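Taking it in order: structure first as structure tokens, then the write-up.
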Amino acid sequence: MEKQKEDDAHYMVMALQVAKAALSVGEVPVGCVLVLKDHLSIPGGYESVVISHGANQVNATRDATRHAEIVAIDRILTLGTSSDQMRLALDTGMEQYAESSGFQHRQARQKHWEDRWVNVAGNPNHWKNQFGWKNKTYVELRSPEVLQNCELYVTCEPCIMCSSALATVGIKRVIFGCKNDRFGGCGSLLHLHRKEESLCESSANQSLDYSKQSSSKVSQGYTITSGILENEAIALLRSFYDRENIYAPDSKRKRKLGDNEDLIL
Amino acid sequence: MSLKSEETSTSSDVFVEIRKPQAEERPRTVTAFMMSIEPKQCSKIVKQLAQVLPLPESLAHLKRVRNPQKMKKQAESLPNNNDESEKKKPKMMLQVLIGHDKSVSLSSFLSFEPTLEEVTVPGRPPKSDAEWKEFNHIWPTTFLPLRSEEHHEKLLALNPDEIEQMTNIMEEQVRSKMQVVVVDPTDGRVISKSKDEYALQRAVGDIDNNPLATPVLLALQGVSRMERQAASKKSKDEFSKGQYLCTGYDLYAPYEPTIFEAMSCLHHRLRRLVYWDGTENPNTVWRNGLSRHYIHSLPGTNHRYRSFQYFPGSTD
Ligand SMILES: [Zn+2]
């Protein structure tokens with residue numbers, strides 16, 4: 001029990017580190033690490049190893065689905081085919097971000113962007129520092145089934161998209177820092193970490209033929225732990241949104257207000 | 001437009017809109033309490049009530065004061081029978097709506113002890129002009145035509161041009177090629193195709209190894225690819241003029257998206273999603289993201305989109 005608490009704090013610190021790196025290049029600071037624990041495929045006597053990590057890449061890829069969790073999964077399974085490999089050059093990405101937010105991109109350029117995105121610098125327990133890109137062990141770790149033995153540490157509660165993605169890959173456990181009131185899928189808006197009720201159990205529906213799906217897969221769910229280093233995660237997010245608000249031009253602020261008004265109607 | 005649409009349907013027969021069943025419809029009438037006051041006191045008391053005891057949200061569509069004589073006249077709709085009543089005219093009183101709670105204390109600002117009477121009032125805002133007239137016979141009601149359900153439904157109805165465009169795309173791009181496409185509805189141009197994006201990503205990595213690289217996601221990523229090209233100044237199109245993700249665009253799929261895919265579309269600011277339920281992927285979880293989980297119309301999220309199921313058989 002104590003051991004797990006220690007572990008949770010240890011890996012959450014790493015997730016926060018990844019989130020901070022995202023902040024420095026103008027992304028929403030949410031970060032995660034994907035940890036394989038107590039598994040036969042871990043070499044060298046390690047109890048656990050970080051097999052992937054990710055931070056938001058929404059600005060860099062112009063893809064609103066590239067959240068930290070999705071990026072981490074894409075990295076381990078495809079070497080970042082739909083994330084790292086799709087990123088705009090930092091200059092391009094930051095130029096536009098700088099225009100809209102007043103953020104100094106020169107500053108960010110000095111932050112070793114390339115390395116930060118594929119490595120948790122200075123962490124000997126990270127697979128890349130341990131095994132390198134081309135190592136045989138790494139190739140074995142790339143099977144989607146390995147994710148079923150993984151735990152994901154993420155600074156903020158996964159949104160509905162990510163919560164269902166984590167159910168899709170059959171993750172074992174998810175540990176998060178702060179809650180996600182607007183989009184959270186692990187308890188806030190929906191409970192996608194729970195075992196999914198099979199479709200054939202629901203009442204017969206005249207327009208949709210659920211019977212054809214009776215043999216198909218349902219999510220077995222995953223355990224969640226929340227509130228690990230919660231204040232740190234909140235502080236990080238706040239530092240991002242405060243900056244956004246200071247630099248947002250008037251028209252943009254008004255538009256945001258307008259969106260909310262739509263919802264009230 | 002001479003559309004003979006049924007009043008409550010926003011769908012055509014071919015494209016059926018996926019809408020979350022309404023929670024509980026609010027009752028047509030409810031009981032509340034009112035008190036009678038003399039006309040000369042009216043404006044002062046109404047002002048004070050607005051301060052101390054505003055009407056609750058559930059009665060916000062009602063006016064505060066009713067003139068029972070006027071109501072009676074309206075009900076009888078006989079213009080010339082006031083001769084007689086003028087003679088033995090009782091003391092004219094106005095009725096003021098208090099709310100649902102009978103036990104409120106009004107003594108702090110009233111110089112008299114009021115008697116609260118039960119009264120039946122409309123329980124919700126009128127849905128149409130006709131209903132408004134009916135409601136006014138029960139208790140004076142406020143009607144905002146532009147916010148009414150009737151007006152809302154009219155705005156939502158698909159027009160024949162839209163139906164034609166939707167049918168063409170479904171048949172020519174989706175059903176015949178079994179792919180997901182993103183379309184600009186202003187001119188019907190296909191912006192992105194899942195099969196093209198699949199080929200582009202397949203060329204650089206092993207995307208077959210990622211169960212999250214589904215056709216819906218790939219089609220969204222095709223749009224992102226164009227936005228990136230514009231950002232790095234490789235193209236001159238709407239994306240260089242500020243097109244943002246799938247804002248204003250429609251996505252067409254040969255299968256119903258999962259929760260994962262449906263929420264991805266929400267993040268991508270999609271305008272509409274149209275699907276044909278003709279294929280299934282037995283290896284995904286949390287399916288029926290729209291028809292079962294209504295991800296496109298979640299309360300509280302910053303964006304919503306409309307979604308339709310296509311029934312190709314119903315054309316003839
Ligand atoms: Zn997410």
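By convention in this document, the chains of the structure tokens carry letters A, B, ... by their order, each chain's residues are numbered from 1, and ligands are numbered from 1 in the order they are shown.
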
Any idea what's packed within 10 Å of Ser43 of chain B, counting only C-alpha atoms, ignoring anything in its chain fewer than 5 positions away? Could you give it as a short mmCIF file (atom, residue, chain, number, x, y, z; two decimals) with C-alpha atoms, in the first residue's frame?
data_model
loop_
_atom_site.label_atom_id
_atom_site.label_comp_id
_atom_site.auth_asym_id
_atom_site.auth_seq_id
_atom_site.Cartn_x
_atom_site.Cartn_y
_atom_site.Cartn_z
CA GLN B 48 -41.36 45.66 -3.82
CA LEU B 49 -42.15 42.08 -4.78
CA VAL B 65 -50.39 40.89 -12.35
#

Could you list, as a compact mmCIF listing (two decimals) with all heavy atoms, in the first residue's frame, the residues of chain B having an atom within 9 Å of chain A when counting only C-alpha atoms?
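The resulting file, iface-v5.txt, is reproduced below:
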# COMPACT_ATOMS: atom_id res chain seq x y z
N ARG B 147 -37.62 32.53 -29.43
CA ARG B 147 -37.09 31.49 -28.55
C ARG B 147 -38.04 30.31 -28.45
O ARG B 147 -37.80 29.37 -27.70
CB ARG B 147 -36.89 32.05 -27.15
CG ARG B 147 -35.74 33.02 -27.08
CD ARG B 147 -35.06 32.88 -25.76
NE ARG B 147 -34.18 34.02 -25.52
CZ ARG B 147 -33.69 34.31 -24.34
NH1 ARG B 147 -34.01 33.58 -23.30
NH2 ARG B 147 -32.89 35.33 -24.20
N GLN B 201 -0.42 8.24 -43.92
CA GLN B 201 0.16 7.85 -42.63
C GLN B 201 0.82 6.47 -42.71
O GLN B 201 1.84 6.22 -42.09
CB GLN B 201 -0.91 7.87 -41.53
CG GLN B 201 -1.35 9.28 -41.17
CD GLN B 201 -2.12 9.35 -39.86
OE1 GLN B 201 -1.98 8.48 -38.99
NE2 GLN B 201 -2.93 10.38 -39.71
N ARG B 202 0.23 5.60 -43.52
CA ARG B 202 0.78 4.25 -43.68
C ARG B 202 2.18 4.32 -44.26
O ARG B 202 3.03 3.47 -43.98
CB ARG B 202 -0.15 3.43 -44.57
CG ARG B 202 0.17 1.96 -44.69
CD ARG B 202 -0.18 1.23 -43.40
NE ARG B 202 0.37 -0.12 -43.36
CZ ARG B 202 1.63 -0.40 -43.09
NH1 ARG B 202 2.50 0.56 -42.86
NH2 ARG B 202 2.05 -1.66 -43.05
N VAL B 204 4.44 6.44 -43.59
CA VAL B 204 5.48 6.84 -42.64
C VAL B 204 5.50 6.01 -41.36
O VAL B 204 6.44 6.11 -40.57
CB VAL B 204 5.39 8.35 -42.27
CG1 VAL B 204 5.68 9.21 -43.48
CG2 VAL B 204 4.03 8.68 -41.68
N GLY B 205 4.49 5.21 -41.13
CA GLY B 205 4.51 4.44 -39.88
C GLY B 205 3.48 3.32 -39.88
O GLY B 205 2.64 3.21 -40.77
N ASP B 206 3.57 2.51 -38.82
CA ASP B 206 2.74 1.31 -38.74
C ASP B 206 1.41 1.63 -38.07
O ASP B 206 1.17 1.24 -36.94
CB ASP B 206 3.52 0.25 -37.94
CG ASP B 206 2.77 -1.07 -37.91
OD1 ASP B 206 1.78 -1.21 -38.66
OD2 ASP B 206 3.16 -1.95 -37.12
N ILE B 207 0.54 2.37 -38.77
CA ILE B 207 -0.68 2.79 -38.09
C ILE B 207 -1.66 1.64 -37.90
O ILE B 207 -2.58 1.74 -37.10
CB ILE B 207 -1.39 3.98 -38.78
CG1 ILE B 207 -1.87 3.61 -40.17
CG2 ILE B 207 -0.51 5.20 -38.80
CD1 ILE B 207 -2.91 4.60 -40.67
N ASP B 208 -1.44 0.52 -38.60
CA ASP B 208 -2.32 -0.64 -38.37
C ASP B 208 -2.15 -1.18 -36.96
O ASP B 208 -2.99 -1.92 -36.46
CB ASP B 208 -2.02 -1.74 -39.39
CG ASP B 208 -2.41 -1.31 -40.79
OD1 ASP B 208 -3.37 -0.52 -40.91
OD2 ASP B 208 -1.74 -1.73 -41.76
N ASN B 209 -1.03 -0.83 -36.34
CA ASN B 209 -0.77 -1.30 -34.98
C ASN B 209 -1.53 -0.50 -33.92
O ASN B 209 -1.53 -0.85 -32.76
CB ASN B 209 0.74 -1.20 -34.71
CG ASN B 209 1.18 -2.08 -33.55
OD1 ASN B 209 0.71 -3.21 -33.42
ND2 ASN B 209 2.03 -1.56 -32.69
N ASN B 210 -2.18 0.60 -34.35
CA ASN B 210 -2.85 1.48 -33.39
C ASN B 210 -4.37 1.38 -33.55
O ASN B 210 -4.93 1.88 -34.51
CB ASN B 210 -2.40 2.93 -33.60
CG ASN B 210 -2.93 3.86 -32.53
OD1 ASN B 210 -3.74 3.47 -31.69
ND2 ASN B 210 -2.47 5.10 -32.58
N PRO B 211 -5.04 0.74 -32.58
CA PRO B 211 -6.50 0.60 -32.70
C PRO B 211 -7.24 1.94 -32.65
O PRO B 211 -8.43 1.99 -32.92
CB PRO B 211 -6.87 -0.26 -31.48
CG PRO B 211 -5.74 -0.13 -30.53
CD PRO B 211 -4.51 0.13 -31.35
N LEU B 212 -6.52 3.01 -32.32
CA LEU B 212 -7.17 4.32 -32.27
C LEU B 212 -7.15 5.04 -33.62
O LEU B 212 -7.77 6.09 -33.79
CB LEU B 212 -6.51 5.21 -31.21
CG LEU B 212 -6.50 4.65 -29.78
CD1 LEU B 212 -5.77 5.61 -28.84
CD2 LEU B 212 -7.90 4.37 -29.28
N ALA B 213 -6.42 4.48 -34.59
CA ALA B 213 -6.36 5.11 -35.92
C ALA B 213 -7.54 4.63 -36.75
O ALA B 213 -7.41 3.89 -37.71
CB ALA B 213 -5.03 4.78 -36.60
N LEU B 217 -11.23 9.08 -37.24
CA LEU B 217 -10.07 9.86 -36.80
C LEU B 217 -9.21 10.27 -37.99
O LEU B 217 -8.74 11.41 -38.07
CB LEU B 217 -9.25 9.05 -35.78
CG LEU B 217 -9.56 9.25 -34.30
CD1 LEU B 217 -9.00 10.60 -33.80
CD2 LEU B 217 -11.04 9.20 -33.99
N LEU B 220 -10.67 13.21 -39.81
CA LEU B 220 -10.42 14.46 -39.08
C LEU B 220 -8.98 14.91 -39.28
O LEU B 220 -8.68 16.10 -39.45
CB LEU B 220 -10.70 14.28 -37.58
CG LEU B 220 -12.12 13.94 -37.14
CD1 LEU B 220 -12.17 13.68 -35.63
CD2 LEU B 220 -13.10 15.05 -37.51
N GLN B 221 -8.06 13.94 -39.28
CA GLN B 221 -6.65 14.27 -39.42
C GLN B 221 -6.32 14.78 -40.82
O GLN B 221 -5.36 15.54 -41.00
CB GLN B 221 -5.79 13.07 -39.06
CG GLN B 221 -5.78 12.86 -37.55
CD GLN B 221 -5.19 11.53 -37.12
OE1 GLN B 221 -4.90 10.66 -37.94
NE2 GLN B 221 -5.02 11.37 -35.83
N VAL B 223 -8.17 16.86 -42.34
CA VAL B 223 -8.46 18.29 -42.22
C VAL B 223 -7.30 18.99 -41.52
O VAL B 223 -6.85 20.06 -41.95
CB VAL B 223 -9.80 18.52 -41.47
CG1 VAL B 223 -10.07 20.01 -41.30
CG2 VAL B 223 -10.95 17.84 -42.22
N SER B 224 -6.78 18.37 -40.47
CA SER B 224 -5.64 18.95 -39.76
C SER B 224 -4.45 19.09 -40.70
O SER B 224 -3.69 20.07 -40.62
CB SER B 224 -5.24 18.06 -38.57
OG SER B 224 -6.28 17.99 -37.65
N ARG B 225 -4.28 18.13 -41.57
CA ARG B 225 -3.16 18.18 -42.53
C ARG B 225 -3.25 19.43 -43.39
O ARG B 225 -2.24 20.12 -43.64
CB ARG B 225 -3.20 16.91 -43.41
CG ARG B 225 -2.03 16.78 -44.37
CD ARG B 225 -2.12 15.50 -45.17
NE ARG B 225 -1.92 14.30 -44.34
CZ ARG B 225 -0.72 13.79 -44.03
NH1 ARG B 225 0.37 14.35 -44.51
NH2 ARG B 225 -0.62 12.73 -43.27
N GLU B 227 -4.76 22.20 -42.57
CA GLU B 227 -4.50 23.37 -41.71
C GLU B 227 -2.99 23.53 -41.50
O GLU B 227 -2.48 24.65 -41.49
CB GLU B 227 -5.23 23.21 -40.38
CG GLU B 227 -5.56 24.56 -39.76
CD GLU B 227 -6.29 24.44 -38.44
OE1 GLU B 227 -7.28 23.68 -38.36
OE2 GLU B 227 -5.85 25.11 -37.48
N ARG B 228 -2.28 22.41 -41.37
CA ARG B 228 -0.82 22.50 -41.20
C ARG B 228 -0.16 23.03 -42.46
O ARG B 228 0.76 23.84 -42.40
CB ARG B 228 -0.24 21.11 -40.87
CG ARG B 228 -0.53 20.62 -39.48
CD ARG B 228 0.38 19.47 -39.10
NE ARG B 228 0.27 18.33 -40.01
CZ ARG B 228 -0.63 17.34 -39.87
NH1 ARG B 228 -1.49 17.37 -38.87
NH2 ARG B 228 -0.66 16.34 -40.71
N GLN B 229 -0.66 22.57 -43.60
CA GLN B 229 -0.07 23.04 -44.87
C GLN B 229 -0.24 24.55 -45.00
O GLN B 229 0.66 25.25 -45.43
CB GLN B 229 -0.71 22.31 -46.05
CG GLN B 229 -0.15 20.91 -46.23
CD GLN B 229 -0.99 20.06 -47.17
OE1 GLN B 229 -2.06 20.46 -47.61
NE2 GLN B 229 -0.51 18.86 -47.46
N ALA B 231 -0.52 26.60 -42.49
CA ALA B 231 0.31 27.24 -41.47
C ALA B 231 1.76 27.34 -41.94
O ALA B 231 2.45 28.32 -41.67
CB ALA B 231 0.23 26.47 -40.16
N SER B 232 2.22 26.33 -42.67
CA SER B 232 3.60 26.40 -43.16
C SER B 232 3.64 27.01 -44.57
O SER B 232 4.59 26.84 -45.30
CB SER B 232 4.24 25.01 -43.13
OG SER B 232 3.40 24.08 -43.76
N TYR B 244 -10.62 26.92 -39.07
CA TYR B 244 -10.15 26.33 -37.83
C TYR B 244 -10.74 24.94 -37.67
O TYR B 244 -11.96 24.78 -37.57
CB TYR B 244 -10.54 27.24 -36.67
CG TYR B 244 -10.25 26.71 -35.30
CD1 TYR B 244 -8.95 26.46 -34.88
CD2 TYR B 244 -11.29 26.46 -34.41
CE1 TYR B 244 -8.70 25.97 -33.61
CE2 TYR B 244 -11.04 25.98 -33.13
CZ TYR B 244 -9.74 25.74 -32.74
OH TYR B 244 -9.50 25.26 -31.48
N LEU B 245 -9.89 23.91 -37.73
CA LEU B 245 -10.34 22.52 -37.58
C LEU B 245 -11.54 22.25 -38.49
O LEU B 245 -11.53 22.62 -39.64
CB LEU B 245 -10.66 22.22 -36.11
CG LEU B 245 -9.50 22.42 -35.12
CD1 LEU B 245 -9.99 22.36 -33.69
CD2 LEU B 245 -8.40 21.39 -35.34
N THR B 258 -18.08 5.49 -32.47
CA THR B 258 -18.03 5.12 -31.05
C THR B 258 -17.98 6.40 -30.21
O THR B 258 -17.87 7.50 -30.76
CB THR B 258 -16.74 4.33 -30.75
OG1 THR B 258 -15.62 5.20 -31.04
CG2 THR B 258 -16.64 3.08 -31.58
N ILE B 259 -18.02 6.25 -28.90
CA ILE B 259 -17.86 7.42 -28.03
C ILE B 259 -16.53 8.11 -28.32
O ILE B 259 -16.44 9.33 -28.43
CB ILE B 259 -17.95 7.02 -26.54
CG1 ILE B 259 -19.38 6.62 -26.19
CG2 ILE B 259 -17.48 8.17 -25.64
CD1 ILE B 259 -19.60 6.34 -24.71
N PHE B 260 -15.48 7.30 -28.46
CA PHE B 260 -14.15 7.85 -28.75
C PHE B 260 -14.19 8.72 -30.01
O PHE B 260 -13.71 9.86 -30.03
CB PHE B 260 -13.14 6.70 -28.91
CG PHE B 260 -11.83 7.10 -29.53
CD1 PHE B 260 -11.01 8.03 -28.90
CD2 PHE B 260 -11.43 6.56 -30.74
CE1 PHE B 260 -9.79 8.41 -29.48
CE2 PHE B 260 -10.22 6.92 -31.31
CZ PHE B 260 -9.41 7.85 -30.69
N GLU B 261 -14.80 8.19 -31.07
CA GLU B 261 -14.84 8.94 -32.33
C GLU B 261 -15.79 10.14 -32.25
O GLU B 261 -15.49 11.22 -32.77
CB GLU B 261 -15.27 8.00 -33.45
CG GLU B 261 -14.24 6.92 -33.73
CD GLU B 261 -14.79 5.83 -34.66
OE1 GLU B 261 -15.91 5.35 -34.42
OE2 GLU B 261 -14.08 5.48 -35.61
N ALA B 262 -16.92 9.94 -31.60
CA ALA B 262 -17.90 11.02 -31.51
C ALA B 262 -17.33 12.20 -30.73
O ALA B 262 -17.55 13.36 -31.09
CB ALA B 262 -19.18 10.51 -30.85
N MET B 263 -16.57 11.90 -29.67
CA MET B 263 -15.99 12.98 -28.87
C MET B 263 -14.84 13.64 -29.63
O MET B 263 -14.61 14.84 -29.50
CB MET B 263 -15.52 12.44 -27.52
CG MET B 263 -15.18 13.52 -26.52
SD MET B 263 -16.62 14.53 -26.04
CE MET B 263 -15.78 15.84 -25.15
N SER B 264 -14.12 12.87 -30.45
CA SER B 264 -13.08 13.46 -31.29
C SER B 264 -13.69 14.49 -32.23
O SER B 264 -13.11 15.56 -32.45
CB SER B 264 -12.38 12.37 -32.12
OG SER B 264 -11.74 11.45 -31.26
N CYS B 265 -14.85 14.18 -32.78
CA CYS B 265 -15.53 15.12 -33.67
C CYS B 265 -15.94 16.37 -32.93
O CYS B 265 -15.90 17.48 -33.47
CB CYS B 265 -16.78 14.46 -34.27
SG CYS B 265 -16.39 13.14 -35.41
N HIS B 267 -14.37 17.66 -30.28
CA HIS B 267 -13.14 18.45 -30.10
C HIS B 267 -12.77 19.16 -31.39
O HIS B 267 -12.17 20.22 -31.38
CB HIS B 267 -11.97 17.54 -29.69
CG HIS B 267 -12.01 17.12 -28.24
ND1 HIS B 267 -12.34 17.97 -27.22
CD2 HIS B 267 -11.74 15.92 -27.65
CE1 HIS B 267 -12.27 17.33 -26.06
NE2 HIS B 267 -11.91 16.08 -26.30
N HIS B 268 -13.10 18.54 -32.53
CA HIS B 268 -12.72 19.11 -33.82
C HIS B 268 -13.72 20.14 -34.33
O HIS B 268 -13.61 20.62 -35.46
CB HIS B 268 -12.54 17.99 -34.86
CG HIS B 268 -11.13 17.81 -35.31
ND1 HIS B 268 -10.61 18.44 -36.40
CD2 HIS B 268 -10.13 17.07 -34.80
CE1 HIS B 268 -9.34 18.10 -36.55
NE2 HIS B 268 -9.03 17.27 -35.58
N ARG B 269 -14.73 20.47 -33.53
CA ARG B 269 -15.71 21.52 -33.84
C ARG B 269 -16.55 21.22 -35.07
O ARG B 269 -16.91 22.13 -35.84
CB ARG B 269 -15.01 22.88 -34.04
CG ARG B 269 -14.16 23.31 -32.89
CD ARG B 269 -15.04 23.48 -31.68
NE ARG B 269 -14.26 23.66 -30.48
CZ ARG B 269 -14.20 24.82 -29.81
NH1 ARG B 269 -14.86 25.85 -30.23
NH2 ARG B 269 -13.49 24.89 -28.71
N ASP B 277 -25.65 3.16 -41.01
CA ASP B 277 -25.33 2.11 -40.05
C ASP B 277 -25.10 0.78 -40.76
O ASP B 277 -25.63 -0.23 -40.36
CB ASP B 277 -26.47 2.00 -39.04
CG ASP B 277 -26.04 1.29 -37.77
OD1 ASP B 277 -24.83 1.20 -37.54
OD2 ASP B 277 -26.91 0.82 -37.04
N GLU B 280 -20.04 -2.69 -39.30
CA GLU B 280 -19.76 -2.72 -37.87
C GLU B 280 -18.33 -3.15 -37.63
O GLU B 280 -17.75 -3.89 -38.41
CB GLU B 280 -20.73 -3.63 -37.13
CG GLU B 280 -20.74 -5.05 -37.68
CD GLU B 280 -21.65 -5.95 -36.87
OE1 GLU B 280 -21.68 -5.81 -35.64
OE2 GLU B 280 -22.32 -6.79 -37.47
N ASN B 281 -17.78 -2.65 -36.57
CA ASN B 281 -16.45 -3.05 -36.17
C ASN B 281 -16.57 -3.76 -34.84
O ASN B 281 -16.80 -3.14 -33.81
CB ASN B 281 -15.56 -1.80 -36.05
CG ASN B 281 -14.17 -2.16 -35.59
OD1 ASN B 281 -13.88 -3.32 -35.27
ND2 ASN B 281 -13.30 -1.17 -35.54
N PRO B 282 -16.47 -5.08 -34.85
CA PRO B 282 -16.72 -5.83 -33.61
C PRO B 282 -15.63 -5.64 -32.56
O PRO B 282 -15.79 -6.07 -31.43
CB PRO B 282 -16.78 -7.28 -34.09
CG PRO B 282 -15.97 -7.31 -35.33
CD PRO B 282 -16.10 -5.95 -35.96
N ASN B 283 -14.53 -4.98 -32.92
CA ASN B 283 -13.42 -4.89 -31.98
C ASN B 283 -13.34 -3.61 -31.17
O ASN B 283 -12.36 -3.34 -30.51
CB ASN B 283 -12.10 -5.09 -32.72
CG ASN B 283 -11.97 -6.54 -33.16
OD1 ASN B 283 -12.28 -7.44 -32.40
ND2 ASN B 283 -11.57 -6.74 -34.39
N THR B 284 -14.36 -2.78 -31.28
CA THR B 284 -14.30 -1.55 -30.51
C THR B 284 -15.25 -1.63 -29.32
O THR B 284 -16.17 -2.43 -29.30
CB THR B 284 -14.69 -0.33 -31.36
OG1 THR B 284 -15.98 -0.58 -31.91
CG2 THR B 284 -13.70 -0.09 -32.46
N VAL B 285 -14.98 -0.78 -28.35
CA VAL B 285 -15.84 -0.73 -27.17
C VAL B 285 -16.56 0.62 -27.15
O VAL B 285 -16.26 1.51 -27.94
CB VAL B 285 -15.03 -0.92 -25.87
CG1 VAL B 285 -14.33 -2.27 -25.87
CG2 VAL B 285 -14.03 0.21 -25.69
N TRP B 286 -17.52 0.75 -26.28
CA TRP B 286 -18.31 1.99 -26.15
C TRP B 286 -18.82 2.44 -27.51
O TRP B 286 -18.55 3.55 -27.95
CB TRP B 286 -17.49 3.10 -25.49
CG TRP B 286 -17.17 2.81 -24.05
CD1 TRP B 286 -15.94 2.55 -23.52
CD2 TRP B 286 -18.10 2.77 -22.95
NE1 TRP B 286 -16.05 2.34 -22.16
CE2 TRP B 286 -17.35 2.47 -21.78
CE3 TRP B 286 -19.50 2.95 -22.83
CZ2 TRP B 286 -17.95 2.34 -20.52
CZ3 TRP B 286 -20.07 2.82 -21.57
CH2 TRP B 286 -19.30 2.52 -20.44
N ARG B 287 -19.56 1.54 -28.16
CA ARG B 287 -20.11 1.86 -29.47
C ARG B 287 -21.38 2.71 -29.36
O ARG B 287 -21.84 3.03 -28.29
CB ARG B 287 -20.44 0.56 -30.22
CG ARG B 287 -19.35 0.25 -31.23
CD ARG B 287 -19.43 -1.18 -31.59
NE ARG B 287 -19.22 -1.99 -30.41
CZ ARG B 287 -19.46 -3.26 -30.34
NH1 ARG B 287 -19.96 -3.89 -31.36
NH2 ARG B 287 -19.19 -3.93 -29.25
N SER B 291 -26.37 7.40 -31.05
CA SER B 291 -27.75 6.97 -30.82
C SER B 291 -27.97 6.43 -29.41
O SER B 291 -29.10 6.37 -28.94
CB SER B 291 -28.14 5.91 -31.85
OG SER B 291 -27.39 4.72 -31.65
N ILE B 295 -23.29 11.72 -27.49
CA ILE B 295 -22.08 12.51 -27.23
C ILE B 295 -22.14 13.86 -27.96
O ILE B 295 -21.56 14.85 -27.51
CB ILE B 295 -20.83 11.71 -27.69
CG1 ILE B 295 -20.66 10.44 -26.84
CG2 ILE B 295 -19.57 12.56 -27.63
CD1 ILE B 295 -20.50 10.68 -25.35
N LEU B 298 -23.97 16.63 -25.49
CA LEU B 298 -23.73 16.57 -24.05
C LEU B 298 -24.02 17.92 -23.41
O LEU B 298 -23.63 18.95 -23.95
CB LEU B 298 -22.26 16.23 -23.78
CG LEU B 298 -21.80 14.81 -23.95
CD1 LEU B 298 -20.29 14.77 -23.81
CD2 LEU B 298 -22.44 13.89 -22.92
N PRO B 299 -24.69 17.91 -22.28
CA PRO B 299 -24.91 19.20 -21.63
C PRO B 299 -23.59 19.74 -21.08
O PRO B 299 -22.76 18.98 -20.58
CB PRO B 299 -25.87 18.86 -20.48
CG PRO B 299 -25.67 17.40 -20.23
CD PRO B 299 -25.22 16.78 -21.52
N GLY B 300 -23.37 21.03 -21.23
CA GLY B 300 -22.23 21.66 -20.57
C GLY B 300 -20.95 21.70 -21.37
O GLY B 300 -20.04 22.44 -21.02
N THR B 301 -20.83 20.96 -22.45
CA THR B 301 -19.59 21.04 -23.23
C THR B 301 -19.61 22.30 -24.10
O THR B 301 -20.67 22.86 -24.35
CB THR B 301 -19.39 19.79 -24.12
OG1 THR B 301 -20.63 19.50 -24.75
CG2 THR B 301 -18.97 18.61 -23.30
N ASN B 302 -18.43 22.71 -24.57
CA ASN B 302 -18.34 24.02 -25.22
C ASN B 302 -18.83 24.00 -26.66
O ASN B 302 -18.92 25.01 -27.31
CB ASN B 302 -16.89 24.52 -25.19
CG ASN B 302 -15.97 23.59 -25.95
OD1 ASN B 302 -16.32 22.44 -26.25
ND2 ASN B 302 -14.80 24.07 -26.29
N HIS B 303 -19.12 22.84 -27.19
CA HIS B 303 -19.55 22.74 -28.57
C HIS B 303 -20.50 21.56 -28.71
O HIS B 303 -20.42 20.61 -27.94
CB HIS B 303 -18.31 22.54 -29.47
CG HIS B 303 -18.63 22.39 -30.91
ND1 HIS B 303 -18.99 23.47 -31.70
CD2 HIS B 303 -18.67 21.31 -31.72
CE1 HIS B 303 -19.23 23.04 -32.93
NE2 HIS B 303 -19.04 21.73 -32.97

So which one's closest to His296 of chain B, B:Lys20, B:Leu94, B:Glu172, B:Met35? Using only C-alpha atoms, please.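 Among the listed residues, the smallest separation from His296 of chain B belongs to B:Lys20.
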
Nearest to Val183 of chain B: which of B:Gln309, B:Asn159, B:Thr247, B:Ser12 is it, counting only C-alpha atoms? B:Thr247

Closest atom pairs, residues of segment 157-187 of chain A within 12 Å of segment 24-30 of chain A, only C-alpha atoms, as JSON lines:
{"residue": "A:Glu157", "atom": "CA", "partner": "A:Val30", "partner_atom": "CA", "distance": 9.5}
{"residue": "A:Pro158", "atom": "CA", "partner": "A:Val30", "partner_atom": "CA", "distance": 9.7}
{"residue": "A:Cys159", "atom": "CA", "partner": "A:Val30", "partner_atom": "CA", "distance": 11.3}
{"residue": "A:Phe176", "atom": "CA", "partner": "A:Val30", "partner_atom": "CA", "distance": 10.5}
{"residue": "A:Gly177", "atom": "CA", "partner": "A:Val30", "partner_atom": "CA", "distance": 10.0}
{"residue": "A:Cys178", "atom": "CA", "partner": "A:Val30", "partner_atom": "CA", "distance": 10.3}
{"residue": "A:Lys179", "atom": "CA", "partner": "A:Val30", "partner_atom": "CA", "distance": 11.9}
{"residue": "A:Asn180", "atom": "CA", "partner": "A:Val30", "partner_atom": "CA", "distance": 11.1}

Using only C-alpha atoms, please write the residues we just selected to a file, as a JSON list (two decimals), in the first residue's frame.
[["chain", "number", "residue", "atom", "x", "y", "z"],
["A", 157, "GLU", "CA", -8.68, 13.54, -15.52],
["A", 158, "PRO", "CA", -8.91, 12.12, -19.06],
["A", 159, "CYS", "CA", -11.62, 13.72, -21.19],
["A", 176, "PHE", "CA", -4.85, 11.37, -12.33],
["A", 177, "GLY", "CA", -4.21, 14.66, -10.53],
["A", 178, "CYS", "CA", -7.05, 17.14, -10.88],
["A", 179, "LYS", "CA", -10.60, 16.67, -12.08],
["A", 180, "ASN", "CA", -11.80, 17.75, -15.52]]

Proximity to ligand 1 - best of B:Leu266, B:Phe308, B:Met178, B:Asn67, only C-alpha atoms and all ligand atoms: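 Of the candidates, the smallest distance to ligand 1 is held by B:Leu266.
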
Using atom CA of Pro185 of chain B and atom CA of Pro312 of chain B as the two end points, give the distance in Å to one decimal. 19.8 Å
